[in-house]
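Pasting upload-v4.tsv here (TSV, C-alpha atoms):
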```
chain	number	residue	atom	x	y	z
O	365	MET	CA	38.00	-2.59	-8.06
O	366	SER	CA	39.24	-5.95	-9.38
O	367	ALA	CA	36.96	-8.19	-11.43
O	368	THR	CA	36.82	-10.73	-8.60
O	369	ALA	CA	35.86	-8.12	-6.00
O	370	ALA	CA	33.21	-6.64	-8.30
O	371	LEU	CA	31.74	-10.06	-8.99
O	372	GLU	CA	31.67	-10.98	-5.31
O	373	ARG	CA	29.96	-7.70	-4.44
O	374	ARG	CA	27.27	-8.41	-7.05
O	375	TYR	CA	26.78	-11.94	-5.77
O	376	ARG	CA	26.38	-10.58	-2.25
O	377	ASN	CA	23.70	-8.20	-3.49
O	378	LEU	CA	21.89	-11.08	-5.18
O	379	LEU	CA	22.03	-13.12	-1.97
O	380	ARG	CA	19.74	-10.53	-0.40
O	381	ALA	CA	16.95	-12.50	-2.10
O	382	TYR	CA	17.49	-15.13	0.63
O	383	PRO	CA	16.16	-14.70	4.18
O	384	LYS	CA	18.61	-13.33	6.70
O	385	VAL	CA	18.73	-16.52	8.75
O	386	TYR	CA	19.59	-18.49	5.60
O	387	ARG	CA	22.34	-16.02	4.68
O	388	GLN	CA	23.82	-16.31	8.16
O	389	TRP	CA	24.14	-20.07	7.81
O	390	HIS	CA	24.80	-20.52	4.06
O	391	GLY	CA	25.85	-17.06	2.84
O	392	GLU	CA	29.65	-17.46	2.90
O	393	GLU	CA	29.40	-21.03	1.69
O	394	LEU	CA	27.30	-19.88	-1.28
O	395	ILE	CA	29.73	-17.07	-2.06
O	396	GLY	CA	32.62	-19.54	-1.99
O	397	THR	CA	30.83	-21.91	-4.38
O	398	LEU	CA	29.69	-19.06	-6.64
O	399	MET	CA	33.21	-17.67	-6.92
O	400	ALA	CA	34.68	-21.13	-7.55
O	401	ALA	CA	32.12	-21.80	-10.30
O	402	SER	CA	32.62	-18.42	-12.02
O	403	ASP	CA	35.05	-17.32	-14.69
O	404	PRO	CA	37.75	-15.33	-12.78
O	405	GLU	CA	37.79	-12.66	-15.52
O	406	THR	CA	34.09	-11.89	-15.40
O	407	ARG	CA	32.71	-8.94	-13.42
O	408	ARG	CA	29.00	-9.71	-13.70
O	409	PRO	CA	27.03	-12.82	-12.68
O	410	ALA	CA	25.67	-14.88	-15.56
O	411	LEU	CA	21.98	-14.37	-16.29
O	412	ARG	CA	21.26	-18.03	-15.57
O	413	GLU	CA	22.92	-17.80	-12.15
O	414	THR	CA	21.17	-14.52	-11.37
O	415	PHE	CA	17.79	-16.12	-12.10
O	416	ALA	CA	18.67	-19.23	-10.06
O	417	LEU	CA	19.70	-17.12	-7.05
O	418	ILE	CA	16.54	-14.99	-7.17
O	419	THR	CA	14.24	-18.00	-7.51
O	420	GLY	CA	16.31	-19.92	-4.95
O	421	GLY	CA	16.03	-16.98	-2.55
O	422	PHE	CA	12.28	-16.85	-2.96
O	423	ALA	CA	12.02	-20.61	-2.44
O	424	ALA	CA	14.12	-20.31	0.74
O	425	ARG	CA	11.82	-17.53	1.96
O	426	ALA	CA	8.75	-19.66	1.24
O	427	ARG	CA	10.28	-22.61	3.10
O	428	ASN	CA	11.27	-20.31	5.94
O	429	ALA	CA	7.72	-18.93	6.20
O	430	ARG	CA	6.28	-22.34	6.99
O	431	ALA	CA	4.98	-22.75	10.51
O	432	ALA	CA	7.14	-25.09	12.55
O	433	GLY	CA	5.23	-27.74	14.43
O	434	ALA	CA	1.90	-27.26	12.62
O	435	PRO	CA	0.68	-29.51	9.81
O	436	TRP	CA	0.44	-27.89	6.37
O	437	TRP	CA	-3.36	-27.71	6.41
O	438	ALA	CA	-3.49	-25.97	9.82
O	439	ASP	CA	-0.82	-23.52	8.66
O	440	GLY	CA	-2.76	-22.79	5.46
O	441	LEU	CA	-6.12	-22.59	7.19
O	442	GLN	CA	-4.85	-20.14	9.81
O	443	LEU	CA	-3.33	-18.01	7.07
O	444	GLY	CA	-6.54	-18.10	5.02
O	445	VAL	CA	-8.71	-17.20	8.02
O	446	LEU	CA	-6.33	-14.35	8.88
O	447	ALA	CA	-6.51	-13.04	5.30
O	448	VAL	CA	-10.34	-13.15	5.29
O	449	ALA	CA	-10.59	-11.53	8.74
O	450	THR	CA	-8.09	-8.79	7.92
O	451	THR	CA	-9.61	-7.84	4.57
O	452	THR	CA	-13.18	-8.08	5.88
O	453	PHE	CA	-12.63	-5.79	8.84
O	454	ALA	CA	-10.21	-3.51	6.99
O	455	LEU	CA	-12.80	-2.80	4.33
O	456	ARG	CA	-16.01	-2.85	6.40
O	457	VAL	CA	-15.20	-1.02	9.61
O	458	THR	CA	-16.06	2.60	9.09
O	459	LEU	CA	-14.30	5.15	11.24
O	460	ILE	CA	-15.99	8.33	10.05
O	461	TYR	CA	-19.63	7.68	9.17
O	462	GLY	CA	-21.44	5.31	11.51
O	463	PHE	CA	-18.38	4.65	13.66
O	464	ARG	CA	-18.92	1.71	16.03
O	465	PRO	CA	-16.11	1.70	18.60
O	466	ILE	CA	-16.85	-1.73	20.09
O	467	TRP	CA	-16.93	-3.27	16.61
O	468	ALA	CA	-13.64	-1.59	15.62
O	469	LEU	CA	-11.91	-2.53	18.87
O	470	GLY	CA	-13.29	-6.07	18.73
O	471	SER	CA	-11.99	-6.50	15.20
O	472	ILE	CA	-8.49	-5.46	16.26
O	473	VAL	CA	-8.55	-7.89	19.20
O	474	LEU	CA	-9.84	-10.67	16.92
O	475	ILE	CA	-7.12	-10.12	14.33
O	476	VAL	CA	-4.42	-9.91	17.00
O	477	ALA	CA	-5.75	-13.18	18.48
O	478	ILE	CA	-5.52	-14.89	15.07
O	479	ILE	CA	-2.03	-13.46	14.49
O	480	ARG	CA	-0.91	-14.80	17.87
O	481	GLY	CA	-2.62	-18.15	17.28
O	482	TRP	CA	-4.95	-17.70	20.26
O	483	VAL	CA	-7.86	-19.69	18.84
O	484	ARG	CA	-9.74	-19.91	22.14
O	485	LEU	CA	-10.00	-16.13	22.26
O	486	ALA	CA	-10.51	-15.63	18.54
O	487	LEU	CA	-13.32	-18.18	18.14
O	488	PRO	CA	-15.86	-16.63	20.57
O	489	LEU	CA	-15.07	-13.15	19.24
O	490	ALA	CA	-15.58	-14.32	15.66
O	491	LEU	CA	-18.83	-16.04	16.66
O	492	ILE	CA	-20.17	-12.85	18.26
O	493	ALA	CA	-19.22	-10.89	15.14
O	494	ALA	CA	-20.89	-13.45	12.86
O	495	LEU	CA	-24.09	-13.56	14.91
O	496	ASP	CA	-24.22	-9.79	15.08
O	497	ALA	CA	-23.57	-9.37	11.36
O	498	SER	CA	-26.34	-11.84	10.47
O	499	ARG	CA	-28.89	-10.78	13.10
O	500	PHE	CA	-31.41	-9.51	10.54
O	501	LEU	CA	-31.24	-12.68	8.53
O	502	VAL	CA	-31.74	-14.91	11.58
O	503	LEU	CA	-33.99	-12.88	13.85
O	504	HIS	CA	-35.84	-10.75	11.28
O	505	ASN	CA	-37.85	-8.10	13.18
O	506	ASP	CA	-36.60	-9.27	16.56
O	507	ALA	CA	-33.11	-8.22	15.47
O	508	TRP	CA	-33.74	-4.79	16.94
O	509	GLN	CA	-33.68	-6.32	20.41
O	510	VAL	CA	-30.13	-7.60	19.92
O	511	ALA	CA	-27.13	-5.47	20.80
O	512	ASP	CA	-25.95	-3.92	17.56
O	513	PHE	CA	-22.21	-3.87	17.97
O	514	GLY	CA	-21.66	-3.78	14.26
O	515	PRO	CA	-23.38	-3.57	10.91
O	516	ALA	CA	-26.08	-6.12	10.03
O	517	TYR	CA	-26.34	-7.62	6.57
O	518	VAL	CA	-28.95	-9.48	4.59
O	519	GLU	CA	-26.88	-10.59	1.58
O	520	ALA	CA	-25.15	-13.97	1.87
O	521	SER	CA	-21.93	-12.58	0.37
O	522	ASN	CA	-21.69	-9.99	3.16
O	523	ILE	CA	-22.39	-12.44	5.96
O	524	LEU	CA	-20.35	-15.36	4.65
O	525	PRO	CA	-16.88	-13.99	5.52
O	526	TYR	CA	-17.82	-13.82	9.21
O	527	TRP	CA	-19.05	-17.43	9.26
O	528	LEU	CA	-16.05	-18.53	7.23
O	529	ILE	CA	-13.80	-17.12	9.95
O	530	VAL	CA	-15.86	-18.95	12.59
O	531	ALA	CA	-15.74	-22.24	10.67
O	532	GLY	CA	-11.98	-21.99	10.09
O	533	LEU	CA	-11.26	-21.16	13.71
O	534	ALA	CA	-13.59	-23.96	14.90
O	535	VAL	CA	-11.61	-26.49	12.84
O	536	LEU	CA	-8.35	-25.11	14.25
O	537	ALA	CA	-9.78	-25.19	17.79
O	538	VAL	CA	-10.65	-28.90	17.69
O	539	ARG	CA	-7.35	-29.82	16.04
O	540	PRO	CA	-5.35	-32.11	18.30
O	541	GLY	CA	-1.76	-31.20	18.98
O	542	LYS	CA	0.19	-28.10	19.73
O	543	GLY	CA	-0.87	-24.47	19.37
O	544	LEU	CA	-0.67	-22.37	16.25
O	545	PRO	CA	2.28	-20.25	15.17
O	546	THR	CA	2.48	-16.50	15.54
O	547	ARG	CA	1.98	-14.60	12.29
O	548	SER	CA	3.58	-11.35	11.23
O	549	TRP	CA	2.35	-8.16	12.84
O	550	ALA	CA	2.50	-6.66	9.34
O	551	TRP	CA	-1.06	-7.91	8.86
O	552	LEU	CA	-2.18	-5.02	11.04
O	553	LEU	CA	-0.72	-2.66	8.45
O	554	ILE	CA	-3.56	-3.64	6.10
O	555	LEU	CA	-6.04	-2.46	8.74
O	556	GLY	CA	-4.01	0.71	9.21
O	557	LEU	CA	-3.84	1.40	5.47
O	558	CYS	CA	-7.56	0.93	4.78
O	559	TRP	CA	-8.71	2.71	7.91
O	560	GLY	CA	-6.28	5.56	7.29
O	561	LEU	CA	-7.50	5.93	3.70
O	562	GLN	CA	-11.00	6.67	5.01
O	563	PHE	CA	-9.71	9.94	6.42
O	564	VAL	CA	-7.94	10.88	3.20
O	565	TYR	CA	-10.64	9.74	0.78
O	566	PRO	CA	-13.85	8.56	2.53
O	567	TYR	CA	-15.23	6.56	-0.44
O	568	TYR	CA	-11.89	5.22	-1.65
O	569	ASP	CA	-13.15	1.62	-1.93
O	570	GLY	CA	-15.48	2.60	-4.77
O	571	SER	CA	-12.81	4.36	-6.80
O	572	LEU	CA	-11.30	2.86	-9.94
O	573	THR	CA	-7.78	3.46	-8.62
O	574	TRP	CA	-8.49	1.42	-5.50
O	575	MET	CA	-10.15	-1.38	-7.45
O	576	LEU	CA	-7.19	-1.59	-9.84
O	577	PHE	CA	-4.76	-1.49	-6.92
O	578	ARG	CA	-6.61	-4.26	-5.08
O	579	ALA	CA	-6.91	-6.37	-8.23
O	580	GLY	CA	-3.18	-5.99	-8.88
O	581	VAL	CA	-2.29	-6.94	-5.31
O	582	GLU	CA	-4.61	-9.97	-5.40
O	583	VAL	CA	-3.17	-11.24	-8.68
O	584	LEU	CA	0.39	-10.71	-7.41
O	585	VAL	CA	-0.25	-12.41	-4.08
O	586	LEU	CA	-2.04	-15.40	-5.59
O	587	SER	CA	0.74	-15.73	-8.19
O	588	ALA	CA	3.26	-15.68	-5.34
O	589	ALA	CA	1.17	-18.38	-3.60
O	590	LEU	CA	1.44	-20.53	-6.73
O	591	TRP	CA	5.19	-20.03	-6.88
O	592	ALA	CA	5.56	-20.72	-3.15
O	593	THR	CA	3.56	-23.93	-3.60
O	594	VAL	CA	6.05	-25.13	-6.20
O	595	ALA	CA	8.91	-24.22	-3.84
O	596	VAL	CA	7.43	-25.78	-0.70
O	597	ARG	CA	5.69	-28.67	-2.48
O	598	ASP	CA	2.55	-28.85	-0.37
O	599	ALA	CA	-0.87	-27.25	-0.49
O	600	ARG	CA	-0.66	-24.81	2.46
O	601	TRP	CA	-0.56	-21.68	0.26
O	602	ALA	CA	-3.21	-23.09	-2.06
O	603	LEU	CA	-5.53	-23.73	0.89
O	604	ALA	CA	-4.97	-20.22	2.28
O	605	ALA	CA	-5.64	-18.71	-1.16
O	606	ALA	CA	-8.80	-20.81	-1.61
O	607	VAL	CA	-10.18	-19.72	1.77
O	608	TYR	CA	-9.45	-16.10	0.86
O	609	LEU	CA	-11.21	-16.49	-2.50
O	610	ILE	CA	-14.48	-17.95	-1.14
O	611	PRO	CA	-16.10	-14.61	-0.09
O	612	GLY	CA	-15.21	-13.04	-3.44
O	613	LEU	CA	-16.65	-15.91	-5.44
O	614	THR	CA	-19.81	-15.82	-3.30
O	615	TYR	CA	-20.14	-12.13	-4.12
O	616	LEU	CA	-19.67	-12.92	-7.80
O	617	GLY	CA	-22.32	-15.65	-7.65
O	618	GLU	CA	-24.80	-13.38	-5.91
O	619	ASN	CA	-24.28	-10.54	-8.37
O	620	LEU	CA	-23.77	-12.37	-11.65
O	621	SER	CA	-25.85	-9.92	-13.67
O	622	MET	CA	-23.73	-6.98	-12.48
O	623	HIS	CA	-20.48	-8.39	-13.79
O	624	GLY	CA	-19.31	-7.91	-17.33
O	625	ARG	CA	-16.58	-9.69	-19.25
O	626	LYS	CA	-13.82	-7.95	-17.33
O	627	GLY	CA	-15.28	-9.04	-14.00
O	628	PHE	CA	-15.55	-12.66	-15.08
O	629	ALA	CA	-12.05	-12.58	-16.56
O	630	TYR	CA	-10.68	-11.20	-13.29
O	631	TRP	CA	-12.41	-13.70	-11.01
O	632	GLY	CA	-11.60	-16.43	-13.52
O	633	LEU	CA	-7.91	-15.54	-13.32
O	634	LEU	CA	-7.92	-15.60	-9.51
O	635	THR	CA	-9.73	-18.95	-9.51
O	636	LEU	CA	-7.30	-20.31	-12.07
O	637	LEU	CA	-4.33	-19.27	-9.93
O	638	VAL	CA	-5.79	-21.07	-6.90
O	639	LEU	CA	-6.61	-24.19	-8.91
O	640	ALA	CA	-3.12	-24.12	-10.44
O	641	SER	CA	-1.68	-23.96	-6.90
O	642	PHE	CA	-3.58	-27.11	-5.90
O	643	VAL	CA	-2.49	-28.87	-9.08
O	644	ALA	CA	1.13	-27.78	-8.47
O	645	ALA	CA	0.95	-29.05	-4.89
O	646	ARG	CA	-0.32	-32.42	-6.09
O	647	ARG	CA	2.18	-32.74	-8.91
O	648	THR	CA	5.21	-31.73	-6.87
O	649	ARG	CA	4.26	-33.74	-3.78
O	650	GLN	CA	7.05	-36.16	-2.88
O	651	LYS	CA	9.25	-34.69	-5.60
O	652	VAL	CA	12.82	-33.93	-4.58
U	388	MET	CA	12.15	-44.38	4.93
U	389	VAL	CA	12.05	-43.71	1.19
U	390	SER	CA	8.63	-43.72	-0.40
U	391	SER	CA	8.39	-45.66	-3.64
U	392	MET	CA	6.39	-42.66	-4.88
U	393	THR	CA	9.36	-40.27	-4.50
U	394	LYS	CA	9.85	-38.44	-7.79
U	395	MET	CA	13.14	-36.93	-8.85
U	396	THR	CA	14.18	-34.17	-11.19
U	397	GLU	CA	17.15	-34.81	-13.46
U	398	ALA	CA	19.23	-32.34	-11.44
U	399	THR	CA	18.41	-34.11	-8.17
U	400	TYR	CA	19.24	-37.48	-9.72
U	401	PHE	CA	22.69	-36.32	-10.77
U	402	ILE	CA	23.34	-34.58	-7.44
U	403	LEU	CA	22.64	-37.84	-5.60
U	404	ALA	CA	24.65	-39.79	-8.18
U	405	ALA	CA	27.57	-37.40	-7.66
U	406	LEU	CA	27.56	-38.13	-3.93
U	407	LEU	CA	27.53	-41.92	-4.27
U	408	GLU	CA	31.31	-42.25	-4.34
U	409	ALA	CA	32.25	-39.83	-1.56
U	410	PRO	CA	31.00	-36.71	0.24
U	411	LEU	CA	31.49	-33.54	-1.82
U	412	HIS	CA	31.26	-29.77	-1.32
U	413	GLY	CA	29.03	-27.55	-3.47
U	414	TYR	CA	31.46	-26.88	-6.30
U	415	GLY	CA	32.57	-30.53	-6.25
U	416	ILE	CA	28.96	-31.63	-6.80
U	417	ILE	CA	28.56	-29.19	-9.71
U	418	LYS	CA	31.71	-30.52	-11.39
U	419	ARG	CA	30.91	-34.19	-10.87
U	420	ALA	CA	27.28	-33.84	-11.95
U	421	GLY	CA	28.51	-32.11	-15.11
U	422	ASP	CA	31.08	-34.87	-15.79
U	423	GLN	CA	28.72	-37.75	-15.07
U	424	SER	CA	25.98	-36.33	-17.29
U	425	ALA	CA	28.44	-35.70	-20.12
U	426	GLY	CA	27.99	-31.95	-19.70
U	427	ARG	CA	24.20	-32.02	-19.97
U	428	VAL	CA	23.50	-31.05	-16.34
U	429	LYS	CA	25.00	-27.63	-15.67
U	430	LEU	CA	23.87	-26.84	-12.16
U	431	ALA	CA	23.53	-23.18	-11.22
U	432	VAL	CA	24.65	-22.59	-7.63
U	433	GLY	CA	21.20	-21.28	-6.66
U	434	THR	CA	19.60	-24.42	-8.06
U	435	LEU	CA	22.12	-26.72	-6.35
U	436	TYR	CA	21.56	-25.29	-2.87
U	437	GLY	CA	17.77	-25.30	-3.30
U	438	ALA	CA	18.00	-29.00	-4.21
U	439	LEU	CA	20.36	-29.70	-1.29
U	440	ASP	CA	17.85	-28.05	1.08
U	441	ARG	CA	15.05	-30.28	-0.23
U	442	LEU	CA	17.22	-33.40	-0.14
U	443	THR	CA	18.36	-32.64	3.41
U	444	GLU	CA	14.74	-32.09	4.47
U	445	ALA	CA	13.75	-35.40	2.86
U	446	GLY	CA	16.59	-37.15	4.71
U	447	LEU	CA	18.38	-38.17	1.50
U	448	VAL	CA	21.48	-36.02	2.14
U	449	VAL	CA	23.20	-34.89	5.34
U	450	LEU	CA	26.01	-32.53	6.19
U	451	ASP	CA	29.18	-34.60	6.49
U	452	ARG	CA	31.81	-32.11	7.65
U	453	GLU	CA	32.93	-28.54	7.39
U	454	GLU	CA	36.31	-27.07	6.46
U	455	VAL	CA	37.44	-23.47	6.30
U	456	VAL	CA	39.18	-22.56	3.02
U	457	ASP	CA	40.36	-18.98	2.39
U	458	GLY	CA	38.33	-17.86	5.40
U	459	ARG	CA	35.11	-19.32	4.03
U	460	PRO	CA	33.24	-22.40	5.23
U	461	ARG	CA	33.27	-25.30	2.81
U	462	ARG	CA	30.64	-27.88	3.69
U	463	TYR	CA	30.72	-31.43	2.45
U	464	TYR	CA	27.45	-33.24	1.87
U	465	ARG	CA	26.97	-36.99	2.17
U	466	ILE	CA	24.26	-39.20	0.72
U	467	THR	CA	22.29	-41.20	3.33
U	468	GLU	CA	21.12	-44.80	3.09
U	469	ASP	CA	17.67	-43.53	2.13
U	470	GLY	CA	19.33	-41.37	-0.52
U	471	VAL	CA	21.09	-44.42	-1.98
U	472	VAL	CA	17.80	-46.33	-2.05
U	473	ALA	CA	16.01	-43.40	-3.72
U	474	VAL	CA	18.61	-42.87	-6.44
U	475	ARG	CA	18.80	-46.63	-7.07
U	476	GLN	CA	15.00	-46.78	-7.46
U	477	GLU	CA	15.17	-43.91	-9.93
U	478	ALA	CA	18.00	-45.59	-11.84
U	479	VAL	CA	15.97	-48.81	-12.12
U	480	ARG	CA	12.94	-46.83	-13.29
U	481	LEU	CA	15.02	-45.06	-15.95
U	482	GLN	CA	16.57	-48.38	-16.99
U	483	GLN	CA	13.13	-49.96	-17.41
U	484	ALA	CA	11.93	-46.96	-19.36
U	485	ALA	CA	14.97	-47.13	-21.62
U	486	ARG	CA	14.51	-50.85	-22.14
U	487	VAL	CA	11.02	-50.28	-23.54
U	488	VAL	CA	12.52	-48.28	-26.39
U	489	THR	CA	15.81	-50.09	-26.93
U	490	GLY	CA	14.01	-53.46	-26.88
U	491	GLN	CA	11.55	-52.40	-29.58
U	492	ILE	CA	14.27	-50.85	-31.71
U	493	ALA	CA	16.24	-54.10	-31.46
U	494	VAL	CA	13.17	-56.07	-32.60
U	495	MET	CA	12.53	-53.64	-35.48
U	496	GLY	CA	16.15	-53.83	-36.54
U	497	ALA	CA	16.22	-57.61	-36.42
```
This entry written out as structure tokens:
Amino acid sequence: MSATAALERRYRNLLRAYPKVYRQWHGEELIGTLMAASDPETRRPALRETFALITGGFAARARNARAAGAPWWADGLQLGVLAVATTTFALRVTLIYGFRPIWALGSIVLIVAIIRGWVRLALPLALIAALDASRFLVLHNDAWQVADFGPAYVEASNILPYWLIVAGLAVLAVRPGKGLPTRSWAWLLILGLCWGLQFVYPYYDGSLTWMLFRAGVEVLVLSAALWATVAVRDARWALAAAVYLIPGLTYLGENLSMHGRKGFAYWGLLTLLVLASFVAARRTRQKV
Amino acid sequence: MVSSMTKMTEATYFILAALLEAPLHGYGIIKRAGDQSAGRVKLAVGTLYGALDRLTEAGLVVLDREEVVDGRPRRYYRITEDGVVAVRQEAVRLQQAARVVTGQIAVMGA
């Protein structure tokens, strides 16, 4: 294989960092420019160009992931609400011990409604879930007379996610303008993963492996949100990350004495990433 | 409409400056930006197209025309009126910033 052909093949591999739709429109143009700008004798892309293509591809993906027709805050809020709803129901619906079919089915319908942007269906469902989850706190002894679709909680950190979903959906419901975008069905995979794990390892969520896995994913995702904020130059990802972080920080606040240095360092890092995303959004706003 | 708050990176400034004379294709922009910055701005292709996407979105650059060379599309980009205003504003800002230093050095040297 000639040096030119080898170089072009490597550039084409690097272009996979870009979304498919971008490659369809700009792919050949980029290859043409890359080949023109390269030394004809070289077989490998320069490190600087490799880095620029990978970061450029990620930035194009972040720009491509923006919801068309929705303002940045509605896009971010919908994403944040979806993240809270998915993680809350993925981790709290039990399929083996104390299985509640209406609760499980309702959670799937609610998440599908948020994914599809059907706020008018999602809001009443979320409200029922929130009222049911906080029935002991509100009704005390009379709570027994209320239909118990799902688990009831007394700690604020357990109830808050449900009301956070309601509040977010209520804001989206009164928003003037067009509907919300459809999100990826891949969100349902999180439900599938966590619910499936219950059958493999019933108490997986208390294991060190799971906690390390979840911590790693959270740090990675919030770091990606920071990077995407720099690429997109608005606060949609920062807002989504902040909404996601609220239940966790409430849990931390309610259980301060239970957390050691590692716990504070971890939550501190997540908070720092979200704050950095807001700062990045502010600093890069109107920057071209 | 260009906001007076629009901020520009050095790469963006030289990309817009490169397009002031005539529309250029990607490699043409890289070469001219390098020449006009005395070799200081060496645009990577990934960086250039990311900047062109942002500039197009901001309405400072538009696609001018497309040619096919060796079976590949070659697109020429053109600076818009808003783009000219934005790069001129940045040039004035840089000039004022430079004057602060050169003026004081002149006074010190006098």
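Distance check against chain U using only C-alpha atoms: of O:His390, O:Arg373, O:Arg499, O:Arg408, the minimum falls on O:His390.
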For segment 420-431 of chain O, please output as a list in words all residues within 7 Å (counting all atoms listed in the file; exclusion window: fewer than 3 positions along the same chain). Ala381, Tyr382, Pro383, Ala416, Leu417, Ala434, Asp439, Pro545, Ala592, Ala595 and Val596 of chain O; Gly433, Thr434 and Gly437 of chain U
Which residues are close to segment 406-414 of chain U, i.e. within 9 Å by only C-alpha atoms, leaving aside same-chain residues fewer than 5 positions away? Reply as a PyMOL selection string. (chain O and resi 393-394+396-398+400-401) or (chain U and resi 401+419+432+435-436+448+450-453+461-466+471)
Just want the 8 Å neighbourhood of Ala473 of chain U, counted on only C-alpha atoms, with same-chain residues fewer than 2 positions away dropped. Output as a ChimeraX atom specification. /U:389,391,393,447,469-471,475-477
Find the residue from O:Leu576, O:Leu553, O:Leu371, O:Ile418 that sits nearest to chain U; use only C-alpha atoms when measuring. O:Ile418
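If only C-alpha atoms are the atoms counted, then among O:Ile472, O:Val564, O:Ala604, O:Leu446 the closest residue to Ile529 of chain O is O:Leu446.
Pairwise distance (atom CA of Leu552 of chain O, atom CA of Phe453 of chain O) equals 10.7 Å.
Among the candidates U:Ala405, U:Asp457, U:Ser424, U:Val449, the residue lying nearest to chain O is U:Asp457 (atoms considered: only C-alpha atoms).
Distance-wise, atom CA of Ala599 of chain O and atom CA of Ala645 of chain O end up 5.1 Å apart.
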As a PDB file, in the frame of the given file, the rebuilt segment 489-494 of chain O with all heavy atoms:
```
ATOM      1  N   LEU O 489     -14.956 -14.496  19.814  1.00  0.00           N
ATOM      2  CA  LEU O 489     -15.070 -13.150  19.240  1.00  0.00           C
ATOM      3  C   LEU O 489     -15.629 -13.214  17.816  1.00  0.00           C
ATOM      4  O   LEU O 489     -16.503 -12.425  17.436  1.00  0.00           O
ATOM      5  CB  LEU O 489     -13.701 -12.466  19.215  1.00  0.00           C
ATOM      6  CG  LEU O 489     -13.170 -11.920  20.534  1.00  0.00           C
ATOM      7  CD1 LEU O 489     -11.741 -11.393  20.354  1.00  0.00           C
ATOM      8  CD2 LEU O 489     -14.064 -10.803  21.058  1.00  0.00           C
ATOM      9  N   ALA O 490     -15.115 -14.171  17.043  1.00  0.00           N
ATOM     10  CA  ALA O 490     -15.580 -14.320  15.660  1.00  0.00           C
ATOM     11  C   ALA O 490     -17.048 -14.735  15.642  1.00  0.00           C
ATOM     12  O   ALA O 490     -17.823 -14.293  14.776  1.00  0.00           O
ATOM     13  CB  ALA O 490     -14.725 -15.353  14.941  1.00  0.00           C
ATOM     14  N   LEU O 491     -17.429 -15.586  16.593  1.00  0.00           N
ATOM     15  CA  LEU O 491     -18.830 -16.040  16.660  1.00  0.00           C
ATOM     16  C   LEU O 491     -19.760 -14.877  16.987  1.00  0.00           C
ATOM     17  O   LEU O 491     -20.833 -14.727  16.375  1.00  0.00           O
ATOM     18  CB  LEU O 491     -18.944 -17.153  17.719  1.00  0.00           C
ATOM     19  CG  LEU O 491     -20.266 -17.899  17.772  1.00  0.00           C
ATOM     20  CD1 LEU O 491     -20.549 -18.591  16.444  1.00  0.00           C
ATOM     21  CD2 LEU O 491     -20.255 -18.935  18.894  1.00  0.00           C
ATOM     22  N   ILE O 492     -19.356 -14.040  17.918  1.00  0.00           N
ATOM     23  CA  ILE O 492     -20.170 -12.850  18.260  1.00  0.00           C
ATOM     24  C   ILE O 492     -20.305 -11.959  17.035  1.00  0.00           C
ATOM     25  O   ILE O 492     -21.399 -11.477  16.705  1.00  0.00           O
ATOM     26  CB  ILE O 492     -19.519 -12.081  19.447  1.00  0.00           C
ATOM     27  CG1 ILE O 492     -19.619 -12.902  20.724  1.00  0.00           C
ATOM     28  CG2 ILE O 492     -20.189 -10.712  19.636  1.00  0.00           C
ATOM     29  CD1 ILE O 492     -18.767 -12.375  21.876  1.00  0.00           C
ATOM     30  N   ALA O 493     -19.194 -11.747  16.333  1.00  0.00           N
ATOM     31  CA  ALA O 493     -19.220 -10.890  15.140  1.00  0.00           C
ATOM     32  C   ALA O 493     -20.130 -11.471  14.065  1.00  0.00           C
ATOM     33  O   ALA O 493     -20.917 -10.756  13.439  1.00  0.00           O
ATOM     34  CB  ALA O 493     -17.798 -10.733  14.579  1.00  0.00           C
ATOM     35  N   ALA O 494     -20.062 -12.800  13.886  1.00  0.00           N
ATOM     36  CA  ALA O 494     -20.890 -13.450  12.860  1.00  0.00           C
ATOM     37  C   ALA O 494     -22.369 -13.370  13.216  1.00  0.00           C
ATOM     38  O   ALA O 494     -23.212 -13.079  12.356  1.00  0.00           O
ATOM     39  CB  ALA O 494     -20.443 -14.897  12.694  1.00  0.00           C
TER      40      ALA O 494
END
```
